[in-house]
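Source file: work.pdb. Holds: PDB, C-alpha atoms and all ligand atoms.
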ATOM      1  CA  MET A   9       0.000   0.000   0.000  1.00  0.00           C
ATOM      2  CA  ALA A  10       1.262   3.476  -0.884  1.00  0.00           C
ATOM      3  CA  SER A  11       2.120   5.747   2.026  1.00  0.00           C
ATOM      4  CA  GLY A  12       0.004   8.847   2.575  1.00  0.00           C
ATOM      5  CA  THR A  13      -3.736   9.266   2.301  1.00  0.00           C
ATOM      6  CA  PHE A  14      -5.675   9.580  -0.924  1.00  0.00           C
ATOM      7  CA  ALA A  15      -8.960  10.801  -2.289  1.00  0.00           C
ATOM      8  CA  THR A  16     -10.197  10.368  -5.862  1.00  0.00           C
ATOM      9  CA  ALA A  17     -11.502  12.807  -8.453  1.00  0.00           C
ATOM     10  CA  ILE A  18     -13.101  12.234 -11.838  1.00  0.00           C
ATOM     11  CA  SER A  19     -12.517  15.601 -13.412  1.00  0.00           C
ATOM     12  CA  CYS A  20     -11.839  17.352 -16.702  1.00  0.00           C
ATOM     13  CA  MET A  21      -8.624  17.360 -18.699  1.00  0.00           C
ATOM     14  CA  ASP A  22      -9.000  21.177 -18.702  1.00  0.00           C
ATOM     15  CA  GLY A  23      -5.767  22.550 -17.190  1.00  0.00           C
ATOM     16  CA  ARG A  24      -7.633  25.241 -15.291  1.00  0.00           C
ATOM     17  CA  THR A  25      -9.435  22.679 -13.163  1.00  0.00           C
ATOM     18  CA  ILE A  26      -6.599  20.446 -11.959  1.00  0.00           C
ATOM     19  CA  ILE A  27      -5.125  22.586  -9.187  1.00  0.00           C
ATOM     20  CA  PRO A  28      -8.451  23.933  -7.829  1.00  0.00           C
ATOM     21  CA  VAL A  29      -9.906  20.420  -7.616  1.00  0.00           C
ATOM     22  CA  THR A  30      -6.777  18.958  -6.019  1.00  0.00           C
ATOM     23  CA  GLU A  31      -6.370  21.737  -3.478  1.00  0.00           C
ATOM     24  CA  TRP A  32     -10.065  21.737  -2.548  1.00  0.00           C
ATOM     25  CA  MET A  33     -10.173  17.991  -1.985  1.00  0.00           C
ATOM     26  CA  LYS A  34      -6.923  17.923   0.003  1.00  0.00           C
ATOM     27  CA  LYS A  35      -8.280  20.608   2.296  1.00  0.00           C
ATOM     28  CA  GLN A  36     -11.847  19.301   2.504  1.00  0.00           C
ATOM     29  CA  PHE A  37     -10.944  15.685   3.257  1.00  0.00           C
ATOM     30  CA  LYS A  38      -7.529  16.130   4.885  1.00  0.00           C
ATOM     31  CA  VAL A  39      -5.739  13.846   2.458  1.00  0.00           C
ATOM     32  CA  ASP A  40      -2.176  14.018   1.180  1.00  0.00           C
ATOM     33  CA  TYR A  41      -2.924  13.265  -2.468  1.00  0.00           C
ATOM     34  CA  VAL A  42      -5.759  13.273  -4.969  1.00  0.00           C
ATOM     35  CA  ASP A  43      -5.835  10.592  -7.666  1.00  0.00           C
ATOM     36  CA  MET A  44      -7.013  12.482 -10.754  1.00  0.00           C
ATOM     37  CA  ILE A  45      -8.968  10.568 -13.380  1.00  0.00           C
ATOM     38  CA  THR A  46      -9.360  12.956 -16.293  1.00  0.00           C
ATOM     39  CA  GLU A  47     -11.795  12.960 -19.166  1.00  0.00           C
ATOM     40  CA  ALA A  48     -12.815  15.611 -21.680  1.00  0.00           C
ATOM     41  CA  GLY A  49     -16.118  16.638 -20.113  1.00  0.00           C
ATOM     42  CA  PRO A  50     -16.301  13.948 -17.406  1.00  0.00           C
ATOM     43  CA  ASP A  51     -19.897  14.634 -16.384  1.00  0.00           C
ATOM     44  CA  LYS A  52     -20.984  13.978 -19.982  1.00  0.00           C
ATOM     45  CA  THR A  53     -18.690  10.968 -20.442  1.00  0.00           C
ATOM     46  CA  LEU A  54     -19.873   9.229 -17.301  1.00  0.00           C
ATOM     47  CA  SER A  55     -23.575  10.046 -17.671  1.00  0.00           C
ATOM     48  CA  GLN A  56     -23.849   9.480 -21.446  1.00  0.00           C
ATOM     49  CA  GLY A  57     -20.726   7.585 -22.519  1.00  0.00           C
ATOM     50  CA  THR A  58     -20.449   4.110 -23.988  1.00  0.00           C
ATOM     51  CA  ALA A  59     -20.333   1.067 -21.744  1.00  0.00           C
ATOM     52  CA  GLU A  60     -16.603   0.788 -22.538  1.00  0.00           C
ATOM     53  CA  GLN A  61     -15.891   4.407 -21.536  1.00  0.00           C
ATOM     54  CA  ILE A  62     -17.805   4.012 -18.303  1.00  0.00           C
ATOM     55  CA  ALA A  63     -16.105   0.699 -17.500  1.00  0.00           C
ATOM     56  CA  ALA A  64     -12.677   2.311 -18.045  1.00  0.00           C
ATOM     57  CA  ILE A  65     -13.488   5.037 -15.526  1.00  0.00           C
ATOM     58  CA  ARG A  66     -14.781   2.496 -13.020  1.00  0.00           C
ATOM     59  CA  GLN A  67     -11.593   0.474 -13.370  1.00  0.00           C
ATOM     60  CA  LYS A  68      -9.468   3.536 -12.546  1.00  0.00           C
ATOM     61  CA  VAL A  69     -11.631   4.381  -9.545  1.00  0.00           C
ATOM     62  CA  ALA A  70     -11.218   0.806  -8.305  1.00  0.00           C
ATOM     63  CA  ILE A  71      -7.417   1.138  -8.457  1.00  0.00           C
ATOM     64  CA  SER A  72      -7.602   4.294  -6.361  1.00  0.00           C
ATOM     65  CA  ILE A  73      -9.793   2.554  -3.799  1.00  0.00           C
ATOM     66  CA  ASN A  74      -7.987  -0.780  -3.698  1.00  0.00           C
ATOM     67  CA  LYS A  75      -4.367   0.365  -4.028  1.00  0.00           C
ATOM     68  CA  HIS A  76      -4.529   3.798  -2.403  1.00  0.00           C
ATOM     69  CA  ASN A  77      -7.284   3.118   0.092  1.00  0.00           C
ATOM     70  CA  SER A  78      -9.304   6.126  -1.077  1.00  0.00           C
ATOM     71  CA  ARG A  79     -12.576   6.487   0.833  1.00  0.00           C
ATOM     72  CA  VAL A  80     -14.019   9.589  -0.802  1.00  0.00           C
ATOM     73  CA  MET A  81     -14.373  10.649  -4.397  1.00  0.00           C
ATOM     74  CA  ALA A  82     -15.784  13.515  -6.402  1.00  0.00           C
ATOM     75  CA  ILE A  83     -17.236  13.727  -9.877  1.00  0.00           C
ATOM     76  CA  VAL A  84     -16.533  17.259 -11.037  1.00  0.00           C
ATOM     77  CA  GLY A  85     -18.162  19.321 -13.757  1.00  0.00           C
ATOM     78  CA  HIS A  86     -17.020  22.843 -14.469  1.00  0.00           C
ATOM     79  CA  HIS A  87     -17.851  26.228 -15.910  1.00  0.00           C
ATOM     80  CA  ASP A  88     -16.788  26.894 -19.533  1.00  0.00           C
ATOM     81  CA  CYS A  89     -16.155  23.236 -20.344  1.00  0.00           C
ATOM     82  CA  ALA A  90     -15.055  23.106 -23.978  1.00  0.00           C
ATOM     83  CA  ALA A  91     -15.737  19.373 -24.246  1.00  0.00           C
ATOM     84  CA  ASN A  92     -19.219  19.636 -22.750  1.00  0.00           C
ATOM     85  CA  PRO A  93     -20.606  23.090 -23.624  1.00  0.00           C
ATOM     86  CA  VAL A  94     -24.055  22.742 -22.062  1.00  0.00           C
ATOM     87  CA  ASP A  95     -25.799  25.125 -19.688  1.00  0.00           C
ATOM     88  CA  LYS A  96     -25.262  25.007 -15.939  1.00  0.00           C
ATOM     89  CA  GLU A  97     -28.574  23.253 -15.251  1.00  0.00           C
ATOM     90  CA  THR A  98     -27.644  20.462 -17.654  1.00  0.00           C
ATOM     91  CA  HIS A  99     -24.224  20.105 -16.012  1.00  0.00           C
ATOM     92  CA  PHE A 100     -25.928  19.816 -12.613  1.00  0.00           C
ATOM     93  CA  GLN A 101     -28.280  17.127 -13.890  1.00  0.00           C
ATOM     94  CA  GLN A 102     -25.407  15.210 -15.478  1.00  0.00           C
ATOM     95  CA  ILE A 103     -23.365  15.416 -12.265  1.00  0.00           C
ATOM     96  CA  LYS A 104     -26.300  14.039 -10.276  1.00  0.00           C
ATOM     97  CA  ASP A 105     -26.757  11.271 -12.844  1.00  0.00           C
ATOM     98  CA  CYS A 106     -23.047  10.439 -12.461  1.00  0.00           C
ATOM     99  CA  CYS A 107     -23.432  10.116  -8.689  1.00  0.00           C
ATOM    100  CA  ALA A 108     -26.331   7.718  -9.222  1.00  0.00           C
ATOM    101  CA  ILE A 109     -24.232   5.645 -11.635  1.00  0.00           C
ATOM    102  CA  ILE A 110     -21.295   5.507  -9.215  1.00  0.00           C
ATOM    103  CA  LYS A 111     -23.640   4.424  -6.436  1.00  0.00           C
ATOM    104  CA  ILE A 112     -24.749   1.442  -8.547  1.00  0.00           C
ATOM    105  CA  TRP A 113     -21.084   0.377  -8.775  1.00  0.00           C
ATOM    106  CA  GLU A 114     -21.273  -0.466  -5.052  1.00  0.00           C
ATOM    107  CA  LEU A 115     -17.671   0.493  -4.395  1.00  0.00           C
ATOM    108  CA  MET A 116     -18.491   1.555  -0.835  1.00  0.00           C
ATOM    109  CA  ILE A 117     -16.996   4.989  -1.283  1.00  0.00           C
ATOM    110  CA  ARG A 118     -18.477   8.342  -0.312  1.00  0.00           C
ATOM    111  CA  THR A 119     -19.214  10.206  -3.543  1.00  0.00           C
ATOM    112  CA  LEU A 120     -19.679  13.910  -4.048  1.00  0.00           C
ATOM    113  CA  GLY A 121     -21.029  15.703  -7.076  1.00  0.00           C
ATOM    114  CA  VAL A 122     -19.091  18.932  -7.455  1.00  0.00           C
ATOM    115  CA  TRP A 123     -19.516  21.990  -9.614  1.00  0.00           C
ATOM    116  CA  LEU A 124     -16.462  24.153 -10.259  1.00  0.00           C
ATOM    117  CA  ASN A 125     -17.903  27.591 -10.849  1.00  0.00           C
ATOM    118  CA  GLU A 126     -16.699  30.612 -12.843  1.00  0.00           C
ATOM    119  CA  LYS A 127     -14.377  31.591  -9.949  1.00  0.00           C
ATOM    120  CA  TRP A 128     -12.971  28.036  -9.908  1.00  0.00           C
ATOM    121  CA  ASP A 129     -14.535  27.507  -6.497  1.00  0.00           C
ATOM    122  CA  ALA A 130     -16.005  24.087  -5.723  1.00  0.00           C
ATOM    123  CA  GLU A 131     -19.720  23.811  -4.912  1.00  0.00           C
ATOM    124  CA  VAL A 132     -21.036  20.509  -3.571  1.00  0.00           C
ATOM    125  CA  ILE A 133     -24.322  19.692  -5.309  1.00  0.00           C
ATOM    126  CA  ASP A 134     -24.643  16.035  -4.327  1.00  0.00           C
ATOM    127  CA  ASP A 135     -23.176  13.928  -1.507  1.00  0.00           C
ATOM    128  CA  THR A 136     -23.948  10.291  -0.835  1.00  0.00           C
ATOM    129  CA  ALA A 137     -23.118  10.844   2.835  1.00  0.00           C
ATOM    130  CA  ASP A 138     -26.371  12.845   3.036  1.00  0.00           C
ATOM    131  CA  GLN A 139     -28.403   9.940   1.700  1.00  0.00           C
ATOM    132  CA  PRO A 140     -29.779   6.920   3.557  1.00  0.00           C
TER     133      PRO A 140
HETATM  134 ZN    ZN B   1     -13.938  20.622 -19.278  1.00  0.00          ZN
END
Have the structure of the file written as structure tokens, please.
Amino acid sequence: MASGTFATAISCMDGRTIIPVTEWMKKQFKVDYVDMITEAGPDKTLSQGTAEQIAAIRQKVAISINKHNSRVMAIVGHHDCAANPVDKETHFQQIKDCCAIIKIWELMIRTLGVWLNEKWDAEVIDDTADQP
């Protein structure tokens, strides 16, 4: 097992999002590292992608959980996403759909749906810890 504590993020390849997501998660969950699984428009890929695309993401999440002992993850959508240029309401719906998909995976990991807004601040819009 790797030393240090880890959380997991499914986030965009967009270079503007990497540091804000990493720093927010490190602070929020008091972890040393954030395993970053990047896609071009991850909220779209996970909510509407092919079975193969979704399985590839799940496989990476499983590595983070099993090898790095991650116990919390976030699926992150963001403002001004070039790969997924939909309105904010659609992003929010996709992020919530992603959380529902991850829940079906039964990986026993707390999952947050996160919106990175126009100031690159993280807003939590879904959290499985709040659900029965
Ligand atoms: Zn993006």
(message) Report, in Å to a single decimal, how far apart CA of Ala82 in chain A and CA of Met21 in chain A are.
(response)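 Computing the Euclidean distance for CA of Met21 in chain A and CA of Ala82 in chain A yields 14.7 Å.
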(request) Using only C-alpha atoms and all ligand atoms, find each protein or nucleic acid residue lying at most 8 Å from ligand ZN 1 (chain B); present the set as a PyMOL selection string. (result) chain A and resi 19-22+25+47-50+85-92
(message) I'd like to know which of A:Ala17, A:Ala64, A:Val42, A:Leu54 is closest to Lys104 in chain A, using all atoms listed in the file.
(response)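 Answer, going by the shortest atom-to-atom distance: A:Leu54.
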(request) Could you check which of A:Trp123, A:Phe100, A:Tyr41, A:Trp128 is closest to Ser11 in chain A, using all atoms listed in the file? (result) A:Tyr41
(message) With all atoms listed in the file as the counted atoms, please give the residues lying no more than 8 Å from Ser78 in chain A, apart from itself and same-chain residues fewer than 2 positions off, as a PyMOL selection string.
(response) chain A and resi 13-16+72-74+76+80-81+117
(request) Translate the PyMOL selection byres (((chain A and resi 106) around 8) and not hetatm), as applied to the file shown, into an explicit residue set as an NGL selection string. (result) :A and (51 or 54-55 or 83 or 102-105 or 107-110 or 121)
(request) Record the distance separating CA of Lys111 in chain A and CA of Thr98 in chain A, expressed in Å with one decimal. (result)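 Distance reported for this atom pair: 20.0 Å.
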(message) Between CA of Val39 in chain A and CA of Gln67 in chain A, what is the distance in Å, rounded to a tenth?
(response)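 Taking CA of Val39 in chain A and CA of Gln67 in chain A, their separation equals 21.5 Å.
Take the PyMOL selection byres (((chain A and resi 131) around 10) and not hetatm) and apply it to this file: it picks Val84, His86, Leu120, Gly121, Val122, Trp123, Leu124, Asn125, Trp128, Asp129, Ala130, Val132, Ile133 and Asp134 of chain A.
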(message) If we count all atoms listed in the file and set the cut-off at 7 Å, which residues sit around Ala137 in chain A, ignoring sequence neighbours fewer than 2 positions away in its own chain? Please answer as a ChimeraX atom specification.
(response) /A:118,135,139
What would range 35-47 of chain A look like with N, CA and C atoms in place, written as a PDB file, keeping the file's coordinate frame?
ATOM      1  N   LYS A  35      -7.866  19.830   1.136  1.00  0.00           N
ATOM      2  CA  LYS A  35      -8.280  20.608   2.296  1.00  0.00           C
ATOM      3  C   LYS A  35      -9.566  20.050   2.911  1.00  0.00           C
ATOM      4  N   GLN A  36     -10.528  19.733   2.051  1.00  0.00           N
ATOM      5  CA  GLN A  36     -11.847  19.301   2.504  1.00  0.00           C
ATOM      6  C   GLN A  36     -11.792  17.957   3.229  1.00  0.00           C
ATOM      7  N   PHE A  37     -10.947  17.051   2.733  1.00  0.00           N
ATOM      8  CA  PHE A  37     -10.944  15.685   3.257  1.00  0.00           C
ATOM      9  C   PHE A  37      -9.646  15.320   3.960  1.00  0.00           C
ATOM     10  N   LYS A  38      -8.767  16.322   4.132  1.00  0.00           N
ATOM     11  CA  LYS A  38      -7.529  16.130   4.885  1.00  0.00           C
ATOM     12  C   LYS A  38      -6.736  14.928   4.377  1.00  0.00           C
ATOM     13  N   VAL A  39      -6.542  14.904   3.071  1.00  0.00           N
ATOM     14  CA  VAL A  39      -5.739  13.846   2.458  1.00  0.00           C
ATOM     15  C   VAL A  39      -4.453  14.445   1.899  1.00  0.00           C
ATOM     16  N   ASP A  40      -3.472  13.570   1.698  1.00  0.00           N
ATOM     17  CA  ASP A  40      -2.176  14.018   1.180  1.00  0.00           C
ATOM     18  C   ASP A  40      -2.189  14.173  -0.339  1.00  0.00           C
ATOM     19  N   TYR A  41      -2.951  13.297  -0.997  1.00  0.00           N
ATOM     20  CA  TYR A  41      -2.924  13.265  -2.468  1.00  0.00           C
ATOM     21  C   TYR A  41      -4.331  13.070  -3.026  1.00  0.00           C
ATOM     22  N   VAL A  42      -4.504  13.516  -4.266  1.00  0.00           N
ATOM     23  CA  VAL A  42      -5.759  13.273  -4.969  1.00  0.00           C
ATOM     24  C   VAL A  42      -5.448  12.547  -6.281  1.00  0.00           C
ATOM     25  N   ASP A  43      -5.954  11.333  -6.404  1.00  0.00           N
ATOM     26  CA  ASP A  43      -5.835  10.592  -7.666  1.00  0.00           C
ATOM     27  C   ASP A  43      -6.778  11.243  -8.672  1.00  0.00           C
ATOM     28  N   MET A  44      -6.230  11.713  -9.787  1.00  0.00           N
ATOM     29  CA  MET A  44      -7.013  12.482 -10.754  1.00  0.00           C
ATOM     30  C   MET A  44      -7.277  11.651 -12.008  1.00  0.00           C
ATOM     31  N   ILE A  45      -8.538  11.303 -12.187  1.00  0.00           N
ATOM     32  CA  ILE A  45      -8.968  10.568 -13.380  1.00  0.00           C
ATOM     33  C   ILE A  45      -9.564  11.601 -14.315  1.00  0.00           C
ATOM     34  N   THR A  46      -8.900  11.863 -15.440  1.00  0.00           N
ATOM     35  CA  THR A  46      -9.360  12.956 -16.293  1.00  0.00           C
ATOM     36  C   THR A  46     -10.049  12.439 -17.555  1.00  0.00           C
ATOM     37  N   GLU A  47     -11.062  13.186 -17.927  1.00  0.00           N
ATOM     38  CA  GLU A  47     -11.795  12.960 -19.166  1.00  0.00           C
ATOM     39  C   GLU A  47     -12.016  14.335 -19.792  1.00  0.00           C
TER      40      GLU A  47
END
